[in-house]
$ cat start18.txt   # compact mmCIF, C-alpha atoms and all ligand atoms
# COMPACT_ATOMS: atom_id res chain seq x y z
CA MET A 1088 -18.24 69.61 -64.90
CA LYS A 1089 -16.88 66.63 -62.95
CA ILE A 1090 -13.10 66.91 -62.42
CA GLY A 1091 -10.92 64.57 -60.42
CA ILE A 1092 -8.61 61.57 -60.24
CA ASP A 1093 -8.70 59.44 -63.38
CA LYS A 1094 -5.74 57.22 -62.54
CA ILE A 1095 -3.42 56.84 -59.57
CA GLY A 1096 -0.06 55.08 -59.53
CA PHE A 1097 2.66 54.52 -56.96
CA TYR A 1098 6.32 53.61 -56.88
CA ALA A 1099 8.79 52.97 -54.08
CA PRO A 1100 12.38 51.75 -54.20
CA HIS A 1101 13.02 48.01 -53.88
CA LEU A 1102 14.85 48.21 -50.54
CA TYR A 1103 13.54 48.56 -47.01
CA VAL A 1104 14.70 48.31 -43.43
CA ASP A 1105 12.64 46.61 -40.72
CA MET A 1106 11.65 49.05 -37.97
CA ASN A 1107 12.01 46.44 -35.21
CA LYS A 1108 15.64 45.94 -36.21
CA LEU A 1109 16.26 49.68 -36.52
CA ALA A 1110 14.85 50.13 -33.02
CA VAL A 1111 17.15 47.46 -31.58
CA ALA A 1112 20.16 49.07 -33.31
CA ARG A 1113 19.19 52.45 -31.84
CA ASP A 1114 18.62 51.00 -28.36
CA VAL A 1115 14.92 51.84 -28.48
CA GLU A 1116 11.97 49.60 -27.50
CA PRO A 1117 10.70 48.22 -30.87
CA ALA A 1118 7.12 48.99 -29.76
CA LYS A 1119 7.97 52.69 -29.78
CA PHE A 1120 8.57 52.56 -33.55
CA THR A 1121 5.87 50.01 -34.45
CA ILE A 1122 3.10 51.16 -32.06
CA GLY A 1123 4.11 54.60 -30.73
CA ILE A 1124 5.11 55.89 -34.19
CA GLY A 1125 3.18 53.24 -36.13
CA GLN A 1126 5.78 52.21 -38.72
CA GLU A 1127 6.79 48.67 -39.73
CA LYS A 1128 9.10 49.03 -42.72
CA MET A 1129 10.94 52.03 -44.12
CA ALA A 1130 11.67 52.31 -47.85
CA ILE A 1131 15.32 53.09 -48.62
CA ALA A 1132 16.32 54.81 -51.85
CA PRO A 1133 19.56 53.57 -53.44
CA ILE A 1134 21.74 56.25 -55.01
CA THR A 1135 20.27 55.32 -58.41
CA GLN A 1136 16.84 56.69 -57.34
CA ASP A 1137 15.91 60.30 -56.71
CA ALA A 1138 12.71 62.36 -56.73
CA VAL A 1139 12.73 62.42 -60.55
CA THR A 1140 13.14 58.66 -61.09
CA LEU A 1141 10.65 57.72 -58.35
CA ALA A 1142 8.02 59.96 -59.96
CA ALA A 1143 8.82 58.78 -63.48
CA ASN A 1144 8.51 55.14 -62.38
CA ALA A 1145 5.17 55.88 -60.65
CA ALA A 1146 3.76 57.53 -63.78
CA PHE A 1147 5.30 54.99 -66.16
CA GLY A 1148 3.15 52.26 -64.62
CA ILE A 1149 -0.18 53.97 -65.37
CA LEU A 1150 0.00 56.05 -68.55
CA ASP A 1151 -1.08 54.74 -71.95
CA ALA A 1152 -0.42 56.27 -75.37
CA SER A 1153 -3.64 58.31 -75.33
CA ASP A 1154 -2.83 59.79 -71.88
CA LYS A 1155 0.66 60.73 -73.10
CA GLU A 1156 -0.89 62.57 -76.02
CA LYS A 1157 -3.51 64.37 -73.93
CA ILE A 1158 -1.31 65.46 -71.01
CA ASP A 1159 -0.54 69.13 -71.60
CA TYR A 1160 0.51 70.02 -68.07
CA VAL A 1161 2.89 68.23 -65.70
CA ILE A 1162 2.98 69.61 -62.15
CA PHE A 1163 5.62 68.14 -59.87
CA GLY A 1164 5.24 68.60 -56.12
CA THR A 1165 8.44 67.89 -54.23
CA GLU A 1166 10.61 69.12 -51.38
CA SER A 1167 13.60 67.00 -52.35
CA GLY A 1168 14.06 68.29 -55.89
CA VAL A 1169 17.34 67.79 -57.74
CA ASP A 1170 17.95 71.20 -59.31
CA ASN A 1171 17.45 74.76 -58.10
CA SER A 1172 16.45 75.92 -61.58
CA LYS A 1173 15.20 73.19 -63.91
CA SER A 1174 11.94 71.60 -62.80
CA ALA A 1175 11.78 67.89 -62.07
CA ALA A 1176 8.64 67.87 -64.26
CA VAL A 1177 10.70 68.54 -67.40
CA TYR A 1178 12.91 65.51 -66.71
CA VAL A 1179 9.85 63.30 -66.22
CA HIS A 1180 8.25 64.71 -69.37
CA GLY A 1181 11.33 63.65 -71.33
CA LEU A 1182 11.72 60.23 -69.71
CA LEU A 1183 8.07 59.34 -70.43
CA GLY A 1184 8.01 60.76 -73.96
CA LEU A 1185 5.03 63.06 -73.34
CA ASN A 1186 3.45 65.38 -75.90
CA PRO A 1187 5.92 68.27 -76.44
CA HIS A 1188 3.06 70.82 -76.44
CA ALA A 1189 2.89 70.75 -72.66
CA ARG A 1190 3.65 73.01 -69.69
CA CYS A 1191 5.96 71.57 -67.01
CA VAL A 1192 6.59 73.08 -63.59
CA GLU A 1193 7.66 72.18 -60.07
CA VAL A 1194 5.77 73.49 -57.03
CA LYS A 1195 6.99 73.66 -53.46
CA GLN A 1196 5.36 74.01 -50.07
CA ALA A 1197 6.76 71.08 -48.10
CA CYS A 1198 4.38 68.10 -48.06
CA TYR A 1199 1.52 70.25 -49.36
CA GLY A 1200 3.06 70.53 -52.88
CA ALA A 1201 1.05 67.80 -54.60
CA THR A 1202 -2.22 69.15 -53.18
CA ALA A 1203 -1.42 72.60 -54.57
CA ALA A 1204 -0.68 70.84 -57.87
CA ILE A 1205 -4.05 69.08 -57.83
CA GLN A 1206 -5.90 72.34 -57.25
CA MET A 1207 -3.94 73.97 -60.09
CA ALA A 1208 -4.80 70.99 -62.28
CA LYS A 1209 -8.51 71.35 -61.48
CA GLY A 1210 -8.46 74.97 -62.63
CA HIS A 1211 -6.65 73.99 -65.82
CA ILE A 1212 -9.14 71.22 -66.65
CA ALA A 1213 -12.06 73.58 -65.98
CA LEU A 1214 -10.70 75.80 -68.77
CA ASN A 1215 -9.49 72.95 -71.00
CA PRO A 1216 -11.86 70.00 -70.50
CA GLU A 1217 -10.22 67.83 -73.17
CA SER A 1218 -6.77 67.93 -71.61
CA LYS A 1219 -5.25 65.82 -68.84
CA VAL A 1220 -2.84 66.92 -66.14
CA LEU A 1221 -0.14 64.71 -64.65
CA VAL A 1222 0.39 65.55 -60.98
CA LEU A 1223 3.41 64.04 -59.24
CA GLY A 1224 4.25 63.93 -55.54
CA SER A 1225 7.71 62.48 -55.07
CA ASP A 1226 10.23 62.66 -52.25
CA ILE A 1227 13.00 61.07 -50.27
CA ALA A 1228 12.57 61.94 -46.59
CA ARG A 1229 15.93 62.33 -44.86
CA TYR A 1230 16.56 63.47 -41.28
CA GLY A 1231 19.86 61.68 -40.73
CA LEU A 1232 21.21 58.59 -38.99
CA HIS A 1233 20.71 58.56 -35.21
CA THR A 1234 18.38 61.60 -35.29
CA GLY A 1235 14.98 61.97 -33.64
CA GLY A 1236 13.32 61.94 -37.04
CA GLU A 1237 15.17 58.86 -38.34
CA SER A 1238 12.24 56.50 -37.76
CA THR A 1239 10.00 58.74 -39.89
CA GLN A 1240 12.07 58.67 -43.09
CA GLY A 1241 10.99 56.98 -46.34
CA ALA A 1242 11.05 57.26 -50.13
CA GLY A 1243 8.46 57.00 -52.89
CA ALA A 1244 6.18 58.75 -55.33
CA VAL A 1245 2.55 58.95 -56.31
CA ALA A 1246 1.37 59.88 -59.82
CA LEU A 1247 -2.17 61.19 -60.34
CA LEU A 1248 -3.83 61.77 -63.65
CA ILE A 1249 -6.37 64.58 -63.28
CA SER A 1250 -9.10 64.90 -65.90
CA ALA A 1251 -12.73 65.68 -66.62
CA ASP A 1252 -15.13 62.75 -66.07
CA PRO A 1253 -12.54 60.91 -63.98
CA LYS A 1254 -12.78 57.17 -63.49
CA ILE A 1255 -11.82 57.00 -59.81
CA MET A 1256 -12.82 60.03 -57.78
CA VAL A 1257 -14.53 63.37 -58.42
CA LEU A 1258 -12.99 66.17 -56.37
CA GLU A 1259 -15.63 68.35 -54.76
CA ASP A 1260 -15.38 72.13 -55.05
CA GLN A 1261 -15.59 73.01 -51.36
CA ASN A 1262 -12.28 73.19 -49.50
CA SER A 1263 -10.78 74.95 -46.54
CA LEU A 1264 -7.27 76.36 -46.18
CA TYR A 1265 -5.05 77.69 -43.41
CA THR A 1266 -1.57 79.25 -43.63
CA ASP A 1267 0.76 80.48 -40.90
CA ASP A 1268 4.47 81.33 -41.07
CA ILE A 1269 6.01 78.88 -38.57
CA MET A 1270 9.27 76.92 -38.27
CA ASP A 1271 8.20 73.38 -37.46
CA PHE A 1272 10.11 71.62 -40.25
CA TRP A 1273 12.30 73.02 -43.02
CA ARG A 1274 15.35 72.25 -45.16
CA PRO A 1275 17.85 75.05 -45.83
CA ILE A 1276 19.20 75.13 -49.38
CA TYR A 1277 22.66 73.95 -48.22
CA SER A 1278 21.39 70.84 -46.44
CA ASP A 1279 20.32 67.45 -47.81
CA LYS A 1280 18.64 66.69 -44.49
CA ALA A 1281 15.58 68.28 -42.95
CA TYR A 1282 15.55 70.23 -39.70
CA VAL A 1283 12.57 69.73 -37.46
CA ASP A 1284 11.10 70.76 -34.15
CA GLY A 1285 9.38 67.39 -33.69
CA LYS A 1286 6.93 68.07 -30.88
CA PHE A 1287 6.00 71.49 -32.25
CA SER A 1288 5.39 69.99 -35.72
CA ASN A 1289 3.01 67.42 -34.22
CA GLU A 1290 1.07 70.13 -32.39
CA GLN A 1291 0.84 72.34 -35.46
CA TYR A 1292 -0.30 69.46 -37.67
CA ILE A 1293 -3.23 68.88 -35.31
CA LEU A 1294 -3.95 72.59 -34.80
CA PHE A 1295 -4.07 73.14 -38.59
CA PHE A 1296 -6.35 70.11 -38.96
CA ASN A 1297 -8.77 71.48 -36.40
CA LYS A 1298 -8.75 74.92 -38.08
CA VAL A 1299 -9.52 73.60 -41.58
CA TRP A 1300 -11.98 70.94 -40.41
CA GLU A 1301 -14.04 73.45 -38.40
CA ASP A 1302 -14.01 75.93 -41.28
CA TYR A 1303 -14.95 73.20 -43.78
CA LYS A 1304 -17.86 72.06 -41.61
CA GLU A 1305 -19.13 75.61 -41.31
CA LYS A 1306 -18.88 76.22 -45.07
CA THR A 1307 -20.47 72.94 -46.14
CA GLY A 1308 -22.74 71.90 -43.29
CA PHE A 1309 -21.10 68.46 -43.46
CA GLY A 1310 -20.07 66.48 -40.38
CA LEU A 1311 -18.41 63.13 -39.64
CA LYS A 1312 -21.59 61.30 -40.68
CA ASP A 1313 -21.04 62.44 -44.28
CA PHE A 1314 -17.62 60.77 -44.58
CA GLU A 1315 -16.96 57.13 -45.26
CA ALA A 1316 -13.28 57.71 -44.46
CA ILE A 1317 -10.83 60.54 -43.85
CA CYS A 1318 -7.30 60.21 -45.27
CA TYR A 1319 -4.45 62.18 -43.77
CA HIS A 1320 -1.00 63.31 -44.74
CA LEU A 1321 0.95 60.61 -42.89
CA PRO A 1322 4.50 61.55 -41.84
CA TYR A 1323 4.08 58.42 -39.69
CA THR A 1324 0.85 56.52 -39.27
CA LYS A 1325 0.16 57.47 -35.64
CA MET A 1326 0.01 61.16 -36.66
CA GLY A 1327 -3.25 61.02 -38.61
CA LEU A 1328 -4.85 58.94 -35.89
CA LYS A 1329 -3.98 61.58 -33.31
CA ALA A 1330 -5.68 64.22 -35.46
CA LEU A 1331 -8.72 62.04 -36.16
CA ARG A 1332 -9.18 61.34 -32.44
CA THR A 1333 -9.54 65.07 -31.72
CA VAL A 1334 -12.83 65.22 -33.65
CA LEU A 1335 -14.36 61.78 -33.06
CA ASP A 1336 -16.61 63.02 -30.24
CA GLN A 1337 -18.46 65.10 -32.85
CA GLY A 1338 -20.03 61.94 -34.30
CA THR A 1339 -22.08 58.92 -33.24
CA GLU A 1340 -20.58 55.59 -32.12
CA GLU A 1341 -21.24 54.34 -35.65
CA ASP A 1342 -19.31 57.24 -37.20
CA LYS A 1343 -16.45 56.63 -34.79
CA ASP A 1344 -16.29 52.88 -35.55
CA ARG A 1345 -16.48 53.43 -39.32
CA LEU A 1346 -13.80 56.14 -39.43
CA LEU A 1347 -11.43 54.25 -37.15
CA ALA A 1348 -11.90 51.00 -39.09
CA ASN A 1349 -11.27 52.73 -42.42
CA TYR A 1350 -8.27 54.58 -40.99
CA GLU A 1351 -6.63 51.15 -40.60
CA PHE A 1352 -6.97 50.51 -44.36
CA SER A 1353 -5.71 54.00 -45.17
CA LYS A 1354 -2.47 53.57 -43.21
CA THR A 1355 -1.35 50.12 -44.39
CA TYR A 1356 0.79 51.18 -47.35
CA ASN A 1357 2.26 54.11 -45.42
CA LYS A 1358 3.33 52.01 -42.44
CA ASN A 1359 5.31 49.84 -44.87
CA ILE A 1360 6.92 52.74 -46.77
CA GLY A 1361 7.46 55.61 -44.32
CA ASN A 1362 7.09 59.30 -45.04
CA ILE A 1363 7.13 60.22 -48.71
CA TYR A 1364 6.29 63.86 -47.93
CA THR A 1365 4.26 65.21 -50.92
CA GLY A 1366 2.94 61.77 -51.86
CA SER A 1367 2.00 60.61 -48.35
CA LEU A 1368 -1.64 61.73 -48.34
CA TYR A 1369 -2.20 60.16 -51.76
CA LEU A 1370 -0.44 56.95 -50.75
CA SER A 1371 -2.90 56.80 -47.86
CA LEU A 1372 -5.83 57.31 -50.25
CA LEU A 1373 -4.43 54.60 -52.50
CA SER A 1374 -4.03 52.25 -49.53
CA LEU A 1375 -7.70 52.76 -48.64
CA LEU A 1376 -8.93 52.28 -52.21
CA ASP A 1377 -6.75 49.25 -52.95
CA LEU A 1378 -7.30 47.43 -49.67
CA LYS A 1379 -10.86 48.23 -48.56
CA GLU A 1380 -12.49 46.17 -51.27
CA ASP A 1381 -16.12 46.90 -50.39
CA LEU A 1382 -15.89 50.69 -50.34
CA GLU A 1383 -19.00 51.78 -52.23
CA ALA A 1384 -19.22 54.10 -55.21
CA GLY A 1385 -20.73 57.41 -54.09
CA SER A 1386 -18.80 57.38 -50.79
CA ARG A 1387 -17.31 60.70 -49.71
CA ILE A 1388 -13.64 60.59 -48.69
CA GLY A 1389 -12.13 63.47 -46.72
CA LEU A 1390 -8.53 64.50 -47.43
CA TYR A 1391 -6.30 66.44 -45.03
CA SER A 1392 -3.11 67.82 -46.52
CA TYR A 1393 -0.41 69.41 -44.35
CA GLY A 1394 2.85 70.97 -45.48
CA SER A 1395 5.12 72.26 -42.75
CA GLY A 1396 5.99 75.90 -42.67
CA ALA A 1397 2.92 75.71 -42.93
CA VAL A 1398 -0.17 75.24 -45.13
CA GLY A 1399 -3.10 72.96 -44.34
CA GLU A 1400 -6.07 72.08 -46.53
CA PHE A 1401 -9.16 69.94 -46.07
CA PHE A 1402 -11.08 68.86 -49.15
CA SER A 1403 -13.04 65.86 -50.33
CA GLY A 1404 -13.89 63.54 -53.18
CA ILE A 1405 -16.68 61.19 -54.20
CA LEU A 1406 -15.93 57.71 -55.55
CA GLU A 1407 -17.12 57.06 -59.07
CA ALA A 1408 -19.09 53.98 -60.23
CA ASN A 1409 -16.78 51.02 -61.02
CA TYR A 1410 -13.75 52.90 -59.66
CA ARG A 1411 -12.14 49.60 -58.56
CA GLU A 1412 -11.74 48.49 -62.18
CA HIS A 1413 -9.34 51.39 -62.69
CA LEU A 1414 -7.00 50.70 -59.78
CA TYR A 1415 -3.62 48.97 -60.16
CA VAL A 1416 -3.93 46.73 -57.11
CA ASN A 1417 -1.89 43.84 -58.57
CA GLN A 1418 0.92 46.16 -59.58
CA HIS A 1419 1.11 47.49 -56.01
CA THR A 1420 0.93 44.02 -54.42
CA GLU A 1421 3.79 42.92 -56.63
CA LEU A 1422 5.80 46.02 -55.74
CA PHE A 1423 5.47 45.32 -52.02
CA GLU A 1424 6.18 41.59 -52.42
CA SER A 1425 9.29 42.01 -54.55
CA ARG A 1426 11.09 44.35 -52.16
CA ARG A 1427 14.30 43.26 -50.45
CA GLU A 1428 15.10 43.80 -46.79
CA VAL A 1429 18.47 45.34 -45.99
CA SER A 1430 20.18 45.13 -42.62
CA VAL A 1431 20.60 48.26 -40.51
CA GLU A 1432 24.31 48.24 -41.44
CA GLU A 1433 23.48 48.10 -45.17
CA TYR A 1434 20.90 50.88 -44.74
CA GLU A 1435 23.52 53.07 -43.07
CA VAL A 1436 25.92 52.54 -45.97
CA ILE A 1437 23.21 53.24 -48.59
CA PHE A 1438 22.03 56.32 -46.67
CA SER A 1439 25.57 57.73 -46.49
CA GLU A 1440 26.29 57.24 -50.18
CA THR A 1441 25.60 60.61 -51.79
CA LEU A 1442 26.51 62.23 -55.10
CA PRO A 1443 29.58 64.48 -55.12
CA THR A 1444 28.65 68.10 -54.40
CA ASP A 1445 31.66 69.57 -56.21
CA GLY A 1446 30.56 68.64 -59.73
CA THR A 1447 32.87 65.64 -60.16
CA ASN A 1448 31.59 63.27 -62.86
CA VAL A 1449 30.26 59.98 -61.58
CA GLU A 1450 28.96 56.82 -63.22
CA LEU A 1451 26.51 54.72 -61.18
CA GLU A 1452 25.94 50.97 -61.31
CA ILE A 1453 22.27 50.63 -62.33
CA ASP A 1454 22.14 46.86 -62.93
CA HIS A 1455 21.33 46.19 -59.25
CA ASP A 1456 18.31 48.50 -59.39
CA PRO A 1457 15.20 46.75 -60.81
CA ALA A 1458 13.49 50.07 -61.55
CA VAL A 1459 12.78 50.81 -65.20
CA ILE A 1460 13.95 54.40 -64.82
CA CYS A 1461 17.21 55.09 -62.96
CA LEU A 1462 19.81 57.74 -62.36
CA ALA A 1463 22.91 56.51 -64.15
CA GLY A 1464 25.33 59.23 -63.08
CA VAL A 1465 26.33 62.84 -63.38
CA ASN A 1466 28.33 64.19 -66.30
CA GLY A 1467 29.33 67.81 -66.77
CA HIS A 1468 27.05 68.84 -63.86
CA SER A 1469 24.14 67.20 -65.69
CA ARG A 1470 22.20 64.27 -64.23
CA GLN A 1471 22.10 61.27 -66.57
CA TYR A 1472 18.78 59.44 -66.44
CA ILE A 1473 18.07 56.16 -68.18
CA ASN A 1474 14.80 54.51 -69.18
CA LYS A 1475 15.88 50.86 -69.55
CA LEU A 1476 12.98 49.99 -71.90
N1 LIG B 1501 5.58 51.25 -26.67
C1 LIG B 1501 4.57 51.92 -27.25
N2 LIG B 1501 4.62 53.27 -27.47
C2 LIG B 1501 5.73 53.93 -27.10
C3 LIG B 1501 6.81 53.28 -26.48
C4 LIG B 1501 6.70 51.87 -26.27
N3 LIG B 1501 7.70 51.17 -25.70
N4 LIG B 1501 7.75 54.20 -26.23
C5 LIG B 1501 7.28 55.40 -26.66
N5 LIG B 1501 6.06 55.24 -27.18
C6 LIG B 1501 5.18 56.24 -27.78
C7 LIG B 1501 5.13 57.55 -27.02
O1 LIG B 1501 4.27 57.47 -25.92
C8 LIG B 1501 4.63 58.47 -28.12
O2 LIG B 1501 3.25 58.31 -28.28
P1 LIG B 1501 2.28 59.59 -28.32
O3 LIG B 1501 2.83 60.48 -29.39
O4 LIG B 1501 0.95 59.03 -28.64
O5 LIG B 1501 2.37 60.23 -26.99
C9 LIG B 1501 5.28 57.92 -29.39
O6 LIG B 1501 5.72 56.58 -29.04
C10 LIG B 1501 6.47 58.69 -29.87
O7 LIG B 1501 7.33 58.88 -28.80
P2 LIG B 1501 8.09 60.26 -28.58
O8 LIG B 1501 7.13 61.40 -28.67
O9 LIG B 1501 8.94 60.16 -27.36
O10 LIG B 1501 8.98 60.24 -29.89
P3 LIG B 1501 10.19 61.14 -30.28
O11 LIG B 1501 10.23 62.37 -29.47
O12 LIG B 1501 11.41 60.29 -30.28
O13 LIG B 1501 9.88 61.51 -31.81
C11 LIG B 1501 8.69 62.46 -33.59
C12 LIG B 1501 8.68 61.43 -32.48
C13 LIG B 1501 8.57 63.86 -32.99
C14 LIG B 1501 7.50 62.20 -34.50
C15 LIG B 1501 10.01 62.36 -34.40
O14 LIG B 1501 10.09 61.11 -35.01
C16 LIG B 1501 10.16 63.44 -35.45
O15 LIG B 1501 10.62 64.55 -35.17
N6 LIG B 1501 9.77 63.14 -36.73
C17 LIG B 1501 9.83 64.10 -37.84
C18 LIG B 1501 8.78 65.19 -37.73
C19 LIG B 1501 7.39 64.74 -38.04
O16 LIG B 1501 7.15 63.71 -38.66
N7 LIG B 1501 6.40 65.55 -37.64
C20 LIG B 1501 5.02 65.28 -37.95
C21 LIG B 1501 4.20 66.53 -38.13
S1 LIG B 1501 4.96 67.59 -39.37
C22 LIG B 1501 4.46 66.94 -40.87
O17 LIG B 1501 3.54 66.18 -40.93
C23 LIG B 1501 5.23 67.31 -42.09
C24 LIG B 1501 6.16 66.23 -42.43
O18 LIG B 1501 5.85 65.33 -43.22
C25 LIG B 1501 7.48 66.23 -41.81

$ encode --input "start18.txt" --output "structure tokens" --more "lines below"
Ligand code: CAA
Amino acid sequence: MKIGIDKIGFYAPHLYVDMNKLAVARDVEPAKFTIGIGQEKMAIAPITQDAVTLAANAAFGILDASDKEKIDYVIFGTESGVDNSKSAAVYVHGLLGLNPHARCVEVKQACYGATAAIQMAKGHIALNPESKVLVLGSDIARYGLHTGGESTQGAGAVALLISADPKIMVLEDQNSLYTDDIMDFWRPIYSDKAYVDGKFSNEQYILFFNKVWEDYKEKTGFGLKDFEAICYHLPYTKMGLKALRTVLDQGTEEDKDRLLANYEFSKTYNKNIGNIYTGSLYLSLLSLLDLKEDLEAGSRIGLYSYGSGAVGEFFSGILEANYREHLYVNQHTELFESRREVSVEEYEVIFSETLPTDGTNVELEIDHDPAVICLAGVNGHSRQYINKL
């Protein structure tokens, strides 16, 4: 049975900060952020957006009435969830009016969460071929103002509809995994900002890539020649390139040129959004599919997922015939074009505005937020979400 990605949607908040201006404000050479790190714009979430609303907005843009009826499993990958008990998936299920006969859960393993969700979805579809699974990867990446990680923040969500006979990409069965208990990046329960050992995290990301790539090659007999492109989890767009470069000497000049050229397409959305943790790999895939218009059906795309702490996985997919007809390219172009730049000062104010942590009720002004689904406040310790339509 063919199982894979039937639809893929994306949402990011309407505000961003320019990385050149952030660099100047931080007394850093702009080229460090734009070339050294590889980021141009960083999406900023207003207080009216959180992991739940970003995911709900991403899914809202792609689901039709038949999908809503057929989805019987919502799996929400996030590392910036809003509740220690109730899953973010249940909120999204309610906001989108999905079929009540559904299972809803949240999964966590840093940026690997959405990949775990996809693999769970594949197993579910194998047993229930008529059903569809909604997989969400949604996060707000926060390291803090004036921190080493500040230039690698971001906010956004990707929604993937997983089904049998998918319209976009069939996920192949071979994959390779690697887990090791390390402290490269983590977020204690009491902190709304991540802690990170930056250099160590970079090294481990590459080490895990080499482990799973070598294992995958051995299991499958595939090499670089078999891939049209390889998409990476992109905490910042230079990171995937560093990993890719470590294996390029395994291929011909042609392989090298093709993979490097396609890497450019696969990083474009990410360099304008920043890190969205669980959704980053799938934003990169979306960037490649939306922007590389002549990518042929039948092409194999490699996918490297990395979640600090850490779990790495390499797997792959094959593009279906006419896949382009099922992309939402115009929706994404419009999203990028309608964003508003904020100054570094405004970004600092927005970043510092957080919900009370003592349970005080709060009502938020949602008229300034163009998103269909927003957080409107907190009442009696309960988050109040609104679908404006
Ligand atoms: N022009 C061009 N390039 C310049 C430059 C200039 N003027 N100045 C510096 N650079 C280059 C440096 O040479 C360096 O390039 P290389 O990495 O190729 O050597 C690059 O800019 C970055 O410079 P530094 O290494 O000095 O940067 P830093 O120490 O300030 O921080 C960082 C970089 C470690 C990524 C930091 O932003 C960070 O900690 N980010 C969060 C952690 C992270 O994203 N880790 C990634 C792996 S973990 C993961 O993937 C999970 C996840 O999502 C978090």

$ atom_distance --input "start18.txt" --atom1 "CA of Lys1254 in chain A" --atom2 "CA of Gly1404 in chain A"
12.2 Å

$ residues_near_ligand --input "start18.txt" --ligand "ligand LIG 1501 (chain B)" --cutoff "6 Å" --atoms "all atoms listed in the file" --output "list in words"
Glu1116, Ala1118, Lys1119, Ile1122, Gly1123, Ile1124, Cys1198, Gly1235, Gly1236, Ser1238, Thr1239, Val1283, Gly1285, Lys1286, Ser1288, Asn1289, Tyr1292, Pro1322, Tyr1364, Gly1394 and Ser1395 of chain A

$ atom_distance --input "start18.txt" --atom1 "CA of Ile1162 in chain A" --atom2 "CA of Ala1251 in chain A"
16.8 Å

$ residues_around --input "start18.txt" --residues "range 1095-1106 of chain A" --least-positions-apart "4" --cutoff "9 Å" --atoms "only C-alpha atoms" --output "number ranges by chain"
A: 1110-1111, 1117, 1120-1121, 1126-1133, 1136, 1141-1149, 1238, 1241-1248, 1255, 1359-1360, 1366, 1369-1370, 1373, 1413-1415, 1418-1419, 1422-1423, 1425-1431, 1433-1434, 1456-1458

$ closest_residue --input "start18.txt" --among "A:Ala1197, A:Leu1183, A:Val1192, A:Ile1090" --to "Leu1476 in chain A" --atoms "only C-alpha atoms"
A:Leu1183

$ residues_near_point --input "start18.txt" --point "(-1.7, 48.8, -38.0)" --cutoff "10 Å" --atoms "all atoms listed in the file" --output "count of residues only"
17

$ residues_around --input "start18.txt" --residues "range 1212-1219 of chain A" --least-positions-apart "6" --cutoff "6 Å" --atoms "all atoms listed in the file" --output "VMD selection string"
chain A and resid 1157 to 1158 1249 to 1251

$ build_atoms --input "start18.txt" --residues "range 1184-1195 of chain A" --atoms "N, CA and C atoms" --output "compact mmCIF listing (two decimals), in the coordinates of the input"
# COMPACT_ATOMS: atom_id res chain seq x y z
N GLY A 1184 8.36 60.48 -72.57
CA GLY A 1184 8.01 60.76 -73.96
C GLY A 1184 6.63 61.38 -74.10
N LEU A 1185 6.35 62.42 -73.28
CA LEU A 1185 5.03 63.06 -73.34
C LEU A 1185 4.96 64.04 -74.51
N ASN A 1186 3.72 64.40 -74.85
CA ASN A 1186 3.45 65.38 -75.90
C ASN A 1186 4.28 66.66 -75.67
N PRO A 1187 5.08 67.09 -76.66
CA PRO A 1187 5.92 68.27 -76.44
C PRO A 1187 5.12 69.56 -76.20
N HIS A 1188 3.86 69.60 -76.64
CA HIS A 1188 3.06 70.82 -76.44
C HIS A 1188 2.46 70.80 -75.04
N ALA A 1189 3.34 70.85 -74.06
CA ALA A 1189 2.89 70.75 -72.66
C ALA A 1189 3.63 71.78 -71.81
N ARG A 1190 3.02 72.12 -70.68
CA ARG A 1190 3.65 73.01 -69.69
C ARG A 1190 4.16 72.13 -68.56
N CYS A 1191 5.38 72.39 -68.09
CA CYS A 1191 5.96 71.57 -67.01
C CYS A 1191 6.53 72.46 -65.92
N VAL A 1192 6.08 72.26 -64.70
CA VAL A 1192 6.59 73.08 -63.59
C VAL A 1192 6.72 72.24 -62.32
N GLU A 1193 7.52 72.80 -61.40
CA GLU A 1193 7.66 72.18 -60.07
C GLU A 1193 7.05 73.14 -59.05
N VAL A 1194 6.33 72.61 -58.07
CA VAL A 1194 5.77 73.49 -57.03
C VAL A 1194 6.29 73.03 -55.67
N LYS A 1195 6.43 74.01 -54.78
CA LYS A 1195 6.99 73.66 -53.46
C LYS A 1195 6.23 74.32 -52.32
